[in-house]
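So this one's target_18.txt, compact mmCIF, C-alpha atoms:
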# COMPACT_ATOMS: atom_id res chain seq x y z
CA MET A 1208 126.69 163.05 124.81
CA ALA A 1209 128.03 164.67 121.67
CA SER A 1210 127.26 162.92 118.45
CA MET A 1211 129.60 162.64 115.49
CA ASP A 1212 127.65 165.37 113.74
CA ASP A 1213 128.42 167.86 116.50
CA ILE A 1214 132.14 167.53 116.10
CA PRO A 1215 133.81 169.48 113.33
CA THR A 1216 136.03 167.29 111.20
CA ARG A 1217 138.53 170.08 110.67
CA GLY A 1218 140.11 172.83 112.65
CA ILE A 1219 139.54 170.95 115.90
CA VAL A 1220 142.80 172.12 117.25
CA THR A 1221 144.74 175.00 115.80
CA PRO A 1222 148.22 175.83 117.02
CA ALA A 1223 148.63 179.17 118.67
CA ALA A 1224 151.26 181.26 116.91
CA GLY A 1225 154.61 179.58 117.40
CA SER A 1226 153.65 177.57 120.48
CA PRO A 1227 153.13 173.82 120.75
CA LEU A 1228 149.55 172.63 121.09
CA PRO A 1229 148.51 171.51 124.55
CA PHE A 1230 148.03 167.77 124.55
CA THR A 1231 145.52 165.83 126.59
CA GLU A 1232 144.04 162.42 125.95
CA ASP A 1233 140.57 163.96 125.66
CA VAL A 1234 141.76 166.33 122.96
CA PHE A 1235 143.45 163.45 121.17
CA GLU A 1236 140.30 161.37 121.31
CA ARG A 1237 138.24 164.23 119.90
CA PHE A 1238 140.87 164.66 117.22
CA TYR A 1239 140.62 160.94 116.41
CA ARG A 1240 136.85 161.03 116.18
CA GLY A 1241 136.88 164.10 113.98
CA THR A 1242 139.50 162.85 111.54
CA LEU A 1243 138.75 159.12 111.27
CA PRO A 1244 136.26 159.45 108.39
CA THR A 1245 138.84 161.14 106.16
CA VAL A 1246 141.76 158.96 107.26
CA TRP A 1247 139.72 155.82 106.74
CA ALA A 1248 138.39 156.92 103.35
CA LEU A 1249 141.94 157.64 102.24
CA ALA A 1250 143.54 154.48 103.65
CA ARG A 1251 140.74 152.09 102.69
CA ARG A 1252 140.30 153.39 99.16
CA VAL A 1253 144.03 153.40 98.47
CA CYS A 1254 144.85 150.06 100.16
CA ARG A 1255 141.54 148.37 99.24
CA ASP A 1256 141.83 146.12 102.27
CA ASP A 1257 140.41 146.62 105.78
CA GLU A 1258 143.37 145.20 107.68
CA GLU A 1259 145.96 147.16 105.75
CA ALA A 1260 143.87 150.31 106.06
CA ALA A 1261 143.67 149.76 109.83
CA ASP A 1262 147.47 149.37 109.97
CA VAL A 1263 147.89 152.60 108.03
CA ALA A 1264 145.47 154.50 110.26
CA GLN A 1265 147.10 153.09 113.40
CA GLU A 1266 150.57 154.18 112.30
CA ALA A 1267 149.34 157.63 111.34
CA TYR A 1268 147.57 158.26 114.66
CA LEU A 1269 150.51 156.95 116.65
CA ALA A 1270 152.93 159.16 114.72
CA VAL A 1271 150.83 162.20 115.59
CA TYR A 1272 150.43 161.04 119.18
CA ARG A 1273 154.19 160.73 119.70
CA VAL A 1274 154.97 164.16 118.31
CA TRP A 1275 152.02 165.86 119.96
CA SER A 1276 152.38 164.30 123.40
CA ALA A 1277 156.10 165.18 123.38
CA GLY A 1278 155.14 168.84 122.85
CA ALA A 1279 156.94 168.87 119.51
CA LEU A 1280 153.99 169.62 117.26
CA ARG A 1281 154.65 172.64 115.04
CA THR A 1282 151.89 172.21 112.50
CA GLU A 1283 148.21 171.34 112.53
CA PRO A 1284 148.02 167.73 113.74
CA GLU A 1285 145.48 167.02 111.03
CA HIS A 1286 147.97 167.90 108.30
CA LEU A 1287 150.64 165.74 109.87
CA LEU A 1288 148.15 162.89 110.29
CA LEU A 1289 147.04 162.97 106.66
CA ARG A 1290 150.59 163.31 105.38
CA VAL A 1291 151.65 160.19 107.28
CA ALA A 1292 148.47 158.30 106.35
CA LYS A 1293 148.90 159.10 102.69
CA ARG A 1294 152.53 158.00 102.61
CA ARG A 1295 151.86 154.83 104.57
CA ALA A 1296 148.87 153.93 102.39
CA ILE A 1297 150.92 154.34 99.23
CA ASP A 1298 153.78 152.32 100.76
CA ALA A 1299 151.36 149.55 101.75
CA LEU A 1300 149.86 149.41 98.28
CA ARG A 1301 153.27 149.32 96.61
CA ALA A 1302 154.45 146.59 98.96
CA ARG A 1303 151.43 144.52 98.08
CA VAL A 1304 151.93 145.03 94.36
CA ARG A 1305 155.53 143.86 94.79
CA ARG A 1306 154.36 140.80 96.73
CA GLN A 1307 151.84 139.97 94.05
CA ARG A 1308 154.48 140.28 91.34
CA LEU A 1309 156.68 137.84 93.21
CA GLN A 1310 153.77 135.47 93.73
CA ARG A 1311 153.25 135.27 90.00
CA PHE A 1312 156.54 133.37 89.89
CA ALA A 1313 155.40 131.05 92.67
CA PRO A 1314 152.04 129.71 91.49
CA ARG A 1315 151.39 127.69 94.64
CA ALA A 1316 151.28 130.78 96.79
CA ALA A 1317 147.77 132.16 96.69
CA ALA A 1318 147.85 135.80 95.69
CA PRO A 1319 145.18 137.69 97.59
CA GLU A 1320 142.85 139.51 95.27
CA LEU A 1321 142.32 143.18 95.79
CA SER A 1322 138.70 143.88 96.58
CA VAL A 1323 137.62 146.24 93.86
CA GLY A 1324 134.01 147.21 93.35
CA GLY A 1325 132.28 149.17 90.59
CA PRO A 1326 133.70 151.21 87.71
CA LEU A 1327 134.70 154.12 89.93
CA ASP A 1328 136.66 151.86 92.28
CA VAL A 1329 138.38 150.18 89.33
CA ALA A 1330 139.18 153.56 87.78
CA LEU A 1331 140.49 154.92 91.09
CA ALA A 1332 142.58 151.80 91.65
CA SER A 1333 144.21 152.21 88.25
CA LEU A 1334 145.43 155.74 88.98
CA ASN A 1335 148.82 156.53 90.41
CA PRO A 1336 148.19 156.19 94.18
CA ARG A 1337 149.69 159.66 94.82
CA GLU A 1338 147.07 161.13 92.57
CA SER A 1339 144.15 159.01 93.75
CA SER A 1340 144.95 159.85 97.38
CA LEU A 1341 145.08 163.54 96.54
CA LEU A 1342 141.72 163.27 94.79
CA LEU A 1343 140.20 161.47 97.77
CA LEU A 1344 141.49 164.02 100.25
CA GLN A 1345 140.08 166.78 98.11
CA ALA A 1346 136.71 165.15 97.42
CA VAL A 1347 136.06 163.35 100.70
CA GLY A 1348 137.91 165.65 103.09
CA GLY A 1349 137.04 168.87 101.25
CA TYR A 1350 140.54 170.30 101.62
CA THR A 1351 141.54 173.43 99.73
CA TYR A 1352 144.54 173.61 97.39
CA ASP A 1353 146.45 175.42 100.10
CA GLU A 1354 145.74 172.74 102.71
CA LEU A 1355 146.57 169.95 100.27
CA ALA A 1356 149.86 171.68 99.49
CA ARG A 1357 150.69 171.78 103.21
CA ILE A 1358 149.69 168.14 103.68
CA ASP A 1359 151.80 167.03 100.73
CA GLY A 1360 154.66 169.46 101.29
CA VAL A 1361 154.45 170.76 97.71
CA THR A 1362 153.44 174.03 96.04
CA ILE A 1363 149.85 174.99 95.29
CA GLY A 1364 150.72 174.89 91.59
CA ALA A 1365 151.86 171.28 91.93
CA VAL A 1366 148.60 170.37 93.71
CA LYS A 1367 146.55 172.01 90.98
CA SER A 1368 148.37 170.29 88.17
CA ARG A 1369 148.23 166.89 89.91
CA LEU A 1370 144.52 167.26 90.58
CA TYR A 1371 143.92 168.32 87.00
CA ARG A 1372 145.81 165.32 85.64
CA ALA A 1373 144.12 162.95 88.08
CA ARG A 1374 140.60 164.16 87.34
CA ARG A 1375 141.13 163.90 83.59
CA GLU A 1376 142.55 160.43 83.94
CA LEU A 1377 139.81 159.34 86.32
CA ALA A 1378 137.00 160.52 84.04
CA ASP A 1379 138.60 158.71 81.07
CA ARG A 1380 139.16 155.47 82.93
CA TYR A 1381 135.73 155.58 84.53
CA ARG A 1382 134.21 155.84 81.07
CA ARG A 1383 136.38 153.00 79.76
CA GLU A 1384 135.28 150.81 82.68
CA GLY A 1385 131.68 151.24 81.59
CA GLY A 1386 130.73 153.85 84.17
CA SER A 1387 127.68 155.83 83.13
CA LEU A 1388 128.25 159.52 82.59
CA MET B 244 136.30 164.58 73.19
CA ASN B 245 140.01 165.11 72.49
CA GLN B 246 139.23 168.04 70.22
CA VAL B 247 137.17 169.62 72.97
CA ARG B 248 140.10 169.17 75.30
CA ASP B 249 142.15 171.47 73.09
CA HIS B 250 139.72 174.35 73.61
CA ARG B 251 141.21 177.30 75.39
CA VAL B 252 139.85 180.42 77.06
CA ALA B 253 141.95 183.35 78.21
CA GLY B 254 145.12 181.37 77.60
CA ARG B 255 144.04 178.34 79.65
CA ALA B 256 142.57 174.95 78.75
CA VAL B 257 138.80 174.95 79.24
CA GLU B 258 138.98 171.58 80.96
CA GLU B 259 141.38 173.04 83.51
CA LEU B 260 138.87 175.78 84.27
CA ILE B 261 136.03 173.22 84.52
CA ILE B 262 138.03 171.24 87.06
CA GLU B 263 139.01 174.30 89.09
CA GLU B 264 135.37 175.36 89.06
CA LEU B 265 134.50 172.08 90.79
CA ASP B 266 136.99 172.97 93.50
CA GLY B 267 135.58 176.49 93.83
CA ALA B 268 138.95 177.89 92.82
CA LEU B 269 138.04 180.11 89.86
CA SER B 270 138.34 183.87 90.04
CA PRO B 271 135.19 185.84 89.02
CA SER B 272 136.76 186.79 85.69
CA GLU B 273 137.75 183.19 84.95
CA GLN B 274 134.24 182.06 85.89
CA ARG B 275 132.71 184.59 83.50
CA ALA B 276 135.05 183.56 80.68
CA LEU B 277 134.21 179.89 81.27
CA VAL B 278 130.46 180.49 81.29
CA ALA B 279 130.70 182.53 78.08
CA HIS B 280 132.60 179.70 76.39
CA LEU B 281 130.21 177.02 77.66
CA ASP B 282 127.22 178.98 76.34
CA ALA B 283 128.64 178.58 72.86
CA CYS B 284 130.30 175.14 73.05
CA GLU B 285 128.20 172.02 73.41
CA GLY B 286 131.23 169.71 73.62
CA CYS B 287 132.66 171.57 76.61
CA ARG B 288 129.26 171.59 78.30
CA ALA B 289 129.20 167.80 77.99
CA LEU B 290 132.74 167.63 79.36
CA ARG B 291 131.68 169.71 82.35
CA VAL B 292 128.72 167.39 83.00
CA ASP B 293 131.10 164.40 82.91
CA HIS B 294 133.49 165.94 85.42
CA ARG B 295 130.67 166.96 87.72
CA ARG B 296 129.25 163.45 87.76
CA VAL B 297 132.61 161.83 88.53
CA HIS B 298 133.20 164.44 91.25
CA ARG B 299 129.83 163.64 92.87
CA LEU B 300 130.67 159.94 92.80
CA LEU B 301 134.02 160.66 94.42
CA VAL B 302 132.46 162.74 97.16
CA GLY B 303 130.14 159.80 97.73
CA ARG B 304 133.18 157.65 98.58
CA SER B 305 133.05 158.96 102.15
CA PRO B 306 132.61 156.04 104.52
CA ASP B 307 129.00 155.52 105.57
CA ARG B 308 127.96 154.98 109.16
CA LEU B 309 128.35 151.23 109.02
CA GLU B 310 131.78 151.37 107.43
CA LEU B 311 132.91 154.02 109.87
CA GLY B 312 131.78 151.89 112.80
CA ARG B 313 133.79 148.97 111.42
CA ALA B 314 136.82 151.20 110.89
CA ASP B 315 136.55 152.49 114.43
CA ARG B 316 136.47 148.99 115.88
CA LEU B 317 139.56 148.10 113.86
CA VAL B 318 141.59 151.23 114.49
CA TRP B 319 140.85 152.59 117.97
CA PRO B 320 141.74 149.47 120.02
CA ARG B 321 145.13 149.32 118.26
CA VAL B 322 145.84 153.01 118.75
CA GLU B 323 144.76 152.96 122.36
CA ALA B 324 146.63 149.75 123.15
CA GLU B 325 149.86 151.22 121.81
CA PHE B 326 149.65 154.70 123.19
CA ARG B 327 148.82 153.44 126.65
CA GLY B 328 152.29 151.90 126.59
CA LEU B 329 154.12 154.96 125.28
CA GLY B 330 155.28 158.22 126.82
CA PRO B 331 156.35 158.83 130.42
CA ARG B 332 154.78 155.61 131.69
CA ARG B 333 157.61 153.66 130.09
CA GLU B 334 160.15 155.49 132.20
CA VAL B 335 158.65 154.30 135.47
CA ARG B 336 160.82 151.77 137.32
CA PRO B 337 159.96 148.11 136.64
CA LEU B 338 158.88 147.30 140.19
CA PHE B 339 156.48 150.20 140.18
CA ASN B 340 155.25 149.09 136.77
CA ILE B 341 154.32 145.72 138.19
CA GLY B 342 152.38 147.52 140.89
CA LEU B 343 150.62 149.63 138.30
CA ALA B 344 149.83 146.59 136.18
CA ALA B 345 148.41 144.80 139.21
CA ALA B 346 146.34 147.86 140.14
CA ALA B 347 145.12 148.16 136.55
CA GLY B 348 144.26 144.46 136.52
CA LEU B 349 142.28 144.81 139.74
CA LEU B 350 140.50 147.83 138.33
CA VAL B 351 139.54 145.94 135.15
CA VAL B 352 138.20 143.03 137.21
CA ALA B 353 136.26 145.44 139.43
CA VAL B 354 134.74 147.23 136.43
CA ALA B 355 133.81 143.93 134.78
CA LEU B 356 132.19 142.71 138.01
CA ALA B 357 130.30 145.97 138.40
CA ALA B 358 129.04 145.74 134.83
CA LEU B 359 127.89 142.17 135.44
CA LEU B 360 126.18 143.05 138.71
CA LEU B 361 124.40 146.01 137.19
CA GLY B 362 123.30 143.84 134.28
CA GLY B 363 123.85 146.69 131.80
CA SER B 364 123.51 145.71 128.18
CA ARG B 365 126.00 148.35 127.10
CA ALA B 366 129.68 147.65 127.56
CA ALA B 367 131.82 150.06 129.53
CA ARG B 368 134.08 152.12 127.33
CA PRO B 369 136.63 151.61 125.92
CA ALA B 370 135.60 147.99 125.33
CA ASP B 371 134.59 148.65 121.75
CA ALA B 372 134.72 145.08 120.45
CA PRO B 373 131.31 143.84 119.25
CA GLN B 374 129.36 141.82 121.80
CA GLN B 375 127.48 138.89 120.38
CA ILE B 376 123.84 138.86 121.43
CA ALA B 377 122.70 135.81 119.48
CA SER B 378 123.71 133.63 116.56
CA ALA B 379 122.17 130.93 114.40
CA ALA B 380 123.37 128.58 111.68
CA PHE B 381 121.21 127.60 108.74
CA GLU B 382 121.20 124.95 106.04
CA LEU B 383 119.30 125.46 102.80
CA PRO B 384 119.26 123.14 99.75
CA ASP B 385 121.84 125.24 97.91
CA ALA B 386 123.49 127.22 100.65
CA SER B 387 124.58 127.17 104.25
CA GLY B 388 125.78 129.80 106.62
CA GLU B 389 125.38 131.59 109.89
CA TYR B 390 124.22 134.95 111.07
CA ARG B 391 124.75 136.75 114.30
CA ILE B 392 123.34 139.75 116.07
CA GLU B 393 125.87 142.01 117.72
CA GLN B 394 125.88 145.00 120.01
CA ARG B 395 128.34 147.49 118.61
CA ILE B 396 129.67 150.49 120.42
CA SER B 397 131.52 152.97 118.29
CA ARG B 398 133.88 155.54 119.73
CA ALA B 399 134.03 157.40 116.43
CA LEU B 400 130.25 157.64 116.26
CA ASP B 401 129.90 157.91 120.02
CA SER B 402 126.92 155.63 119.91
CA SER B 403 125.72 152.09 120.30
CA GLU B 404 123.76 150.08 117.76
CA VAL B 405 122.63 146.56 117.02
CA ALA B 406 124.02 144.96 113.88
CA VAL B 407 123.36 141.75 111.97
CA VAL B 408 126.28 139.98 110.32
CA VAL B 409 125.68 137.21 107.79
CA ASP B 410 128.07 134.78 106.11
CA VAL B 411 126.72 132.50 103.41
CA ARG B 412 128.44 129.81 101.33
CA PHE B 413 126.83 128.46 98.18
CA GLN B 414 127.42 124.99 96.84
CA GLN B 415 128.14 126.46 93.42
CA ALA B 416 128.44 129.84 91.75
CA GLN B 417 124.99 131.36 91.42
CA THR B 418 123.40 132.43 88.19
CA GLY B 419 121.44 135.23 89.84
CA GLY B 420 119.18 136.01 92.75
CA PHE B 421 119.58 138.10 95.86
CA LEU B 422 119.96 137.81 99.62
CA GLU B 423 118.40 140.02 102.28
CA VAL B 424 118.60 140.38 106.04
CA ARG B 425 114.99 141.05 107.03
CA PHE B 426 113.39 142.12 110.27
CA SER B 427 109.84 142.81 111.34
CA GLU B 428 107.66 143.43 114.34
CA PRO B 429 105.02 140.69 114.64
CA GLY B 430 102.15 141.45 112.26
CA GLU B 431 103.97 144.34 110.57
CA PRO B 432 105.57 144.58 107.11
CA TYR B 433 109.22 143.60 107.09
CA GLY B 434 112.18 145.92 106.68
CA VAL B 435 115.57 145.17 105.10
CA ALA B 436 118.71 145.68 107.18
CA ALA B 437 121.15 144.64 104.44
CA ARG B 438 120.98 143.33 100.91
CA ALA B 439 123.23 141.57 98.41
CA PRO B 440 121.36 142.64 95.28
CA ASP B 441 122.99 140.34 92.74
CA LEU B 442 124.39 136.90 93.49
CA HIS B 443 125.50 136.24 89.93
CA GLY B 444 128.81 134.34 90.02
CA VAL B 445 128.92 134.46 93.83
CA THR B 446 130.07 131.43 95.83
CA ARG B 447 130.19 133.12 99.24
CA THR B 448 129.02 136.40 100.58
CA HIS B 449 129.34 138.50 103.72
CA LEU B 450 126.70 141.05 104.67
CA GLU B 451 126.40 143.50 107.51
CA GLY B 452 123.40 145.59 108.38
CA ARG B 453 122.00 147.64 111.20
CA LEU B 454 118.71 147.08 112.99
CA PRO B 455 116.49 150.13 113.62
CA VAL B 456 117.83 152.84 115.90
CA LEU B 457 115.14 153.59 118.48
CA GLU B 458 114.32 156.76 120.36
CA ARG B 459 115.33 156.76 123.99
CA GLY B 460 112.75 154.94 126.12
CA VAL B 461 111.23 153.03 123.17
CA THR B 462 111.32 149.22 123.27
CA ARG B 463 110.35 146.94 120.40
CA MET B 464 110.53 143.26 119.62
CA TYR B 465 111.79 142.19 116.20
CA ARG B 466 112.21 138.92 114.39
CA VAL B 467 115.36 138.83 112.25
CA TRP B 468 115.81 136.32 109.47
CA ILE B 469 117.58 135.70 106.17
CA HIS B 470 115.68 135.69 102.91
CA LEU B 471 117.36 134.09 99.91
CA GLU B 472 115.82 134.31 96.48
CA LEU B 473 117.47 132.30 93.72
CA ALA B 474 116.43 131.89 90.10
CA SER B 475 113.77 129.27 90.82
CA GLU B 476 113.41 129.05 94.61
CA MET B 477 113.12 131.27 97.62
CA TYR B 478 113.97 130.47 101.21
CA ASP B 479 113.48 132.08 104.60
CA THR B 480 115.43 130.97 107.66
CA PRO B 481 113.45 130.57 110.92
CA GLY B 482 114.67 133.80 112.52
CA ILE B 483 115.85 135.12 115.87
CA MET B 484 113.69 137.22 118.21
CA VAL B 485 115.52 140.23 119.60
CA GLU B 486 114.32 143.03 121.85
CA LEU B 487 115.67 146.48 121.02
CA SER B 488 115.48 149.43 123.35
CA GLY B 489 116.49 153.02 122.79
CA GLU B 490 118.72 154.35 125.51
CA ARG B 491 121.17 157.15 126.10
CA GLY B 492 123.80 157.02 123.38
CA GLY B 493 122.09 154.54 121.09
CA THR B 494 120.11 151.34 120.88
CA ALA B 495 120.69 148.20 122.92
CA GLY B 496 119.61 144.68 122.04
CA ARG B 497 118.91 141.56 124.07
CA ILE B 498 117.29 138.19 123.64
CA PRO B 499 113.90 138.17 125.43
What does the file become when written as structure tokens?
Amino acid sequence: MASMDDIPTRGIVTPAAGSPLPFTEDVFERFYRGTLPTVWALARRVCRDDEEAADVAQEAYLAVYRVWSAGALRTEPEHLLLRVAKRRAIDALRARVRRQRLQRFAPRAAAPELSVGGPLDVALASLNPRESSLLLLQAVGGYTYDELARIDGVTIGAVKSRLYRARRELADRYRREGGSL
Amino acid sequence: MNQVRDHRVAGRAVEELIIEELDGALSPSEQRALVAHLDACEGCRALRVDHRRVHRLLVGRSPDRLELGRADRLVWPRVEAEFRGLGPRREVRPLFNIGLAAAAGLLVVAVALAALLLGGSRAARPADAPQQIASAAFELPDASGEYRIEQRISRALDSSEVAVVVDVRFQQAQTGGFLEVRFSEPGEPYGVAARAPDLHGVTRTHLEGRLPVLERGVTRMYRVWIHLELASEMYDTPGIMVELSGERGGTAGRIP
């Protein structure tokens, strides 16, 4: 039985030039097992809630499943997966912020608190979610600028400048939150 | 710090080079220029140390084994449940669908019966929901709660393990102290499966931990209990005896 360590987290399936990837449920399951750590890290750290993160991950995997099983995949499934997960996570966070703003005007409705941990979590949570998700993909997933550009659908220059801004901001906020440097 | 951030080398901000260095994206000439500047600039060296530390902390935000197992149990059943209902299967005529559903139902019943008859402690895949092995409630002067021992099978980790889950409610916010899930073989020093290191301000807490993972063929008996240490008192719950055995694909637990 293969363990998690035996399965590469990236490059599990690479499209042959110009042809759709062959889909089987076994391949999809291997793909799921290989990518879950990064998808979960992204969704959970951006949403800061297990249930919302699970919704995000579910939607992302199903989006890939539909395209892939229909033979319509024209990119690495991993890039598609992370693009969808990132967008859904940001949408979920924004929707919750909107709900919480509304709940401020209705004091009887209990506003769920975001679960935020130490100084790094607080600093990450205070960043623009587009930037924090990019940072997480880069740090946790180990993606290159080129891969991040393909995931985000932007230029490498845009990725570099966003990462630069995000890292500066994160270091500053981490320090302000009392994180030890 | 802001002054340091204005420093430039070869037409670029030094901080930009420090950050790209973390990502392994500097060219050899940029790397040389950065090192030459850092040799002479203490402020930029400190800035580089700061960025490296934050980067290491970020890398450490990868989910650990326990978190990944929890994620797997939340995500996979939803994904599987939905995609089993998608694709060509939806296009099958309704009458035939009923036949398929009935056949699938019979198959599920047959598998469940087979699992019961074989007495296996490990659930057949893809039943990844935790299986409760044992549970106990406890009442202490300042707190009450329950803990349970679960068999967890993770598709993402492709393994099985035995976890302890604890929920505790305190009568009032605590001023300090800690809570541990402890386990030990009779006559041996105890180990800690999970720990809430600081109960300051806490009125309720949820802890999850994993019991030892055993080599295949190894069987051991453990007592599992909760240890609560508050400012002036300490308490130990009576404990649950559980037998763990290493088997193919992980560790299984049962009550002796």
*Write out as a list of chain:residue names which residues come within 10 Å of B:Arg491 when counting all atoms listed in the file, dropping same-chain ones fewer than 2 positions away.*
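So, after excluding close chain neighbours, the residues are A:Met1208, B:Ser402, B:Ser403, B:Glu458, B:Arg459, B:Gly460, B:Ser488, B:Gly489, B:Gly493, B:Thr494, B:Ala495.
With atom CA of B:Ala406 on one side and atom CA of B:Ala436 on the other, the separation reads 8.6 Å.
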Atom CA of B:Ser475 to atom CA of B:Gly419, distance in Å rounded to a single decimal =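 Interatomic distance, atom CA of B:Ser475 to atom CA of B:Gly419: 9.8 Å.
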Write out as a tab-separated table a residue-level contact list of chain A versus chain B with cut-off 8 Å: for each qualifying residue the closest pair of atoms and the distance in Å to one decimal, counting all atoms listed in the file, rows sorted by chain and residue number upward.
residue	atom	partner	partner_atom	distance
A:Met1208	CA	B:Gly492	CA	6.8
A:Ala1209	CA	B:Asp401	CA	7.2
A:Ser1210	CA	B:Asp401	CA	5.9
A:Met1211	CA	B:Leu400	CA	5.1
A:Tyr1239	CA	B:Ala399	CA	7.5
A:Arg1240	CA	B:Ala399	CA	4.6
A:Gly1241	CA	B:Ala399	CA	7.7
A:Leu1243	CA	B:Ala399	CA	7.2
A:Pro1244	CA	B:Pro306	CA	6.3
A:Thr1245	CA	B:Ser305	CA	7.4
A:Trp1247	CA	B:Ala314	CA	6.9
A:Ala1248	CA	B:Ser305	CA	5.8
A:Asp1257	CA	B:Ala314	CA	7.7
A:Glu1258	CA	B:Leu317	CA	7.8
A:Ala1261	CA	B:Val318	CA	5.3
A:Asp1262	CA	B:Val318	CA	7.6
A:Ala1264	CA	B:Val318	CA	6.6
A:Gln1265	CA	B:Val322	CA	5.5
A:Tyr1268	CA	B:Val322	CA	6.9
A:Leu1269	CA	B:Val322	CA	6.5
A:Tyr1272	CA	B:Phe326	CA	7.5
A:Arg1273	CA	B:Gly330	CA	7.6
A:Ser1276	CA	B:Gly330	CA	7.6
A:Ala1277	CA	B:Gly330	CA	7.8
A:Leu1327	CA	B:Leu300	CA	7.6
A:Leu1343	CA	B:Leu301	CA	7.1
A:Ala1346	CA	B:Val302	CA	4.9
A:Val1347	CA	B:Val302	CA	5.1
A:Thr1351	CA	B:Asp266	CA	7.7
A:Tyr1371	CA	B:Glu259	CA	6.4
A:Arg1374	CA	B:Ile262	CA	7.5
A:Leu1377	CA	B:Val297	CA	7.9
A:Ala1378	CA	B:Val297	CA	6.4
A:Leu1388	CA	B:Asp293	CA	5.7
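For the residues A:Gln1345, A:Thr1362, A:Thr1282, A:Ser1333, ranking by smallest atom-to-atom distance to A:Arg1255 using all atoms listed in the file places A:Ser1333 first.
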| query | By how many Å are atom CA of A:Ala1250 and atom CA of A:Asn1335 apart? | reply |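 Rounded to one decimal, the two atoms are 14.4 Å apart.
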Check: Within 8 Å of A:Ala1373, counting all atoms listed in the file, which residues qualify if same-chain residues fewer than 3 places away don't, as a PyMOL selection string?
Finding: chain A and resi 1334+1338-1339+1342+1369-1370+1376-1377
Please provide the set of residues having any atom within 10 Å of A:Arg1337, restricted to only C-alpha atoms, with same-chain residues fewer than 6 positions apart removed, written as a short mmCIF file (atom, residue, chain, number, x, y, z; two decimals) with C-alpha atoms, in the coordinates of the input.
data_model
loop_
_atom_site.label_atom_id
_atom_site.label_comp_id
_atom_site.auth_asym_id
_atom_site.auth_seq_id
_atom_site.Cartn_x
_atom_site.Cartn_y
_atom_site.Cartn_z
CA VAL A 1253 144.03 153.40 98.47
CA LYS A 1293 148.90 159.10 102.69
CA ARG A 1294 152.53 158.00 102.61
CA ALA A 1296 148.87 153.93 102.39
CA ILE A 1297 150.92 154.34 99.23
CA ASP A 1359 151.80 167.03 100.73
CA ARG A 1369 148.23 166.89 89.91
CA ALA A 1373 144.12 162.95 88.08
#
Item to complete: Find the residues around A:Gly1385 up to 9 Å (all atoms listed in the file counted), leave out those fewer than 4 positions away in its own chain, and share them as a count of residues only.
Response: 3
- Message: Calculated over only C-alpha atoms, which of the candidates B:Arg275, B:Glu490, B:Tyr465, B:Thr418 has the smallest distance to B:Val445?
- Response: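 When distances to B:Val445 are compared using only C-alpha atoms, the smallest one comes from B:Thr418.
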Closest to B:Trp468 among B:Gly452, B:Gly482, B:Gly254, B:Gly388, using only C-alpha atoms?
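The closest residue to B:Trp468 is B:Gly482.
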Since the input is missing atoms, can you rebuild N, CA and C atoms for stretch 385-395 of chain B and write them as a JSON list (two decimals), in the frame of the given file?
[["chain", "number", "residue", "atom", "x", "y", "z"],
["B", 385, "ASP", "N", 120.72, 124.82, 98.74],
["B", 385, "ASP", "CA", 121.84, 125.24, 97.91],
["B", 385, "ASP", "C", 122.88, 126.06, 98.67],
["B", 386, "ALA", "N", 122.60, 126.31, 99.92],
["B", 386, "ALA", "CA", 123.49, 127.22, 100.65],
["B", 386, "ALA", "C", 123.48, 126.90, 102.13],
["B", 387, "SER", "N", 124.56, 127.29, 102.79],
["B", 387, "SER", "CA", 124.58, 127.17, 104.25],
["B", 387, "SER", "C", 125.31, 128.40, 104.79],
["B", 388, "GLY", "N", 125.11, 128.63, 106.06],
["B", 388, "GLY", "CA", 125.78, 129.80, 106.62],
["B", 388, "GLY", "C", 125.37, 130.06, 108.04],
["B", 389, "GLU", "N", 125.78, 131.22, 108.53],
["B", 389, "GLU", "CA", 125.38, 131.59, 109.89],
["B", 389, "GLU", "C", 125.17, 133.10, 109.93],
["B", 390, "TYR", "N", 124.37, 133.51, 110.87],
["B", 390, "TYR", "CA", 124.22, 134.95, 111.07],
["B", 390, "TYR", "C", 124.21, 135.22, 112.55],
["B", 391, "ARG", "N", 124.67, 136.40, 112.89],
["B", 391, "ARG", "CA", 124.75, 136.75, 114.30],
["B", 391, "ARG", "C", 124.28, 138.19, 114.51],
["B", 392, "ILE", "N", 123.79, 138.40, 115.71],
["B", 392, "ILE", "CA", 123.34, 139.75, 116.07],
["B", 392, "ILE", "C", 124.32, 140.27, 117.11],
["B", 393, "GLU", "N", 124.82, 141.46, 116.87],
["B", 393, "GLU", "CA", 125.87, 142.01, 117.72],
["B", 393, "GLU", "C", 125.50, 143.38, 118.26],
["B", 394, "GLN", "N", 125.95, 143.65, 119.46],
["B", 394, "GLN", "CA", 125.88, 145.00, 120.01],
["B", 394, "GLN", "C", 127.19, 145.67, 119.65],
["B", 395, "ARG", "N", 127.11, 146.82, 119.02],
["B", 395, "ARG", "CA", 128.34, 147.49, 118.61],
["B", 395, "ARG", "C", 128.40, 148.90, 119.20]]
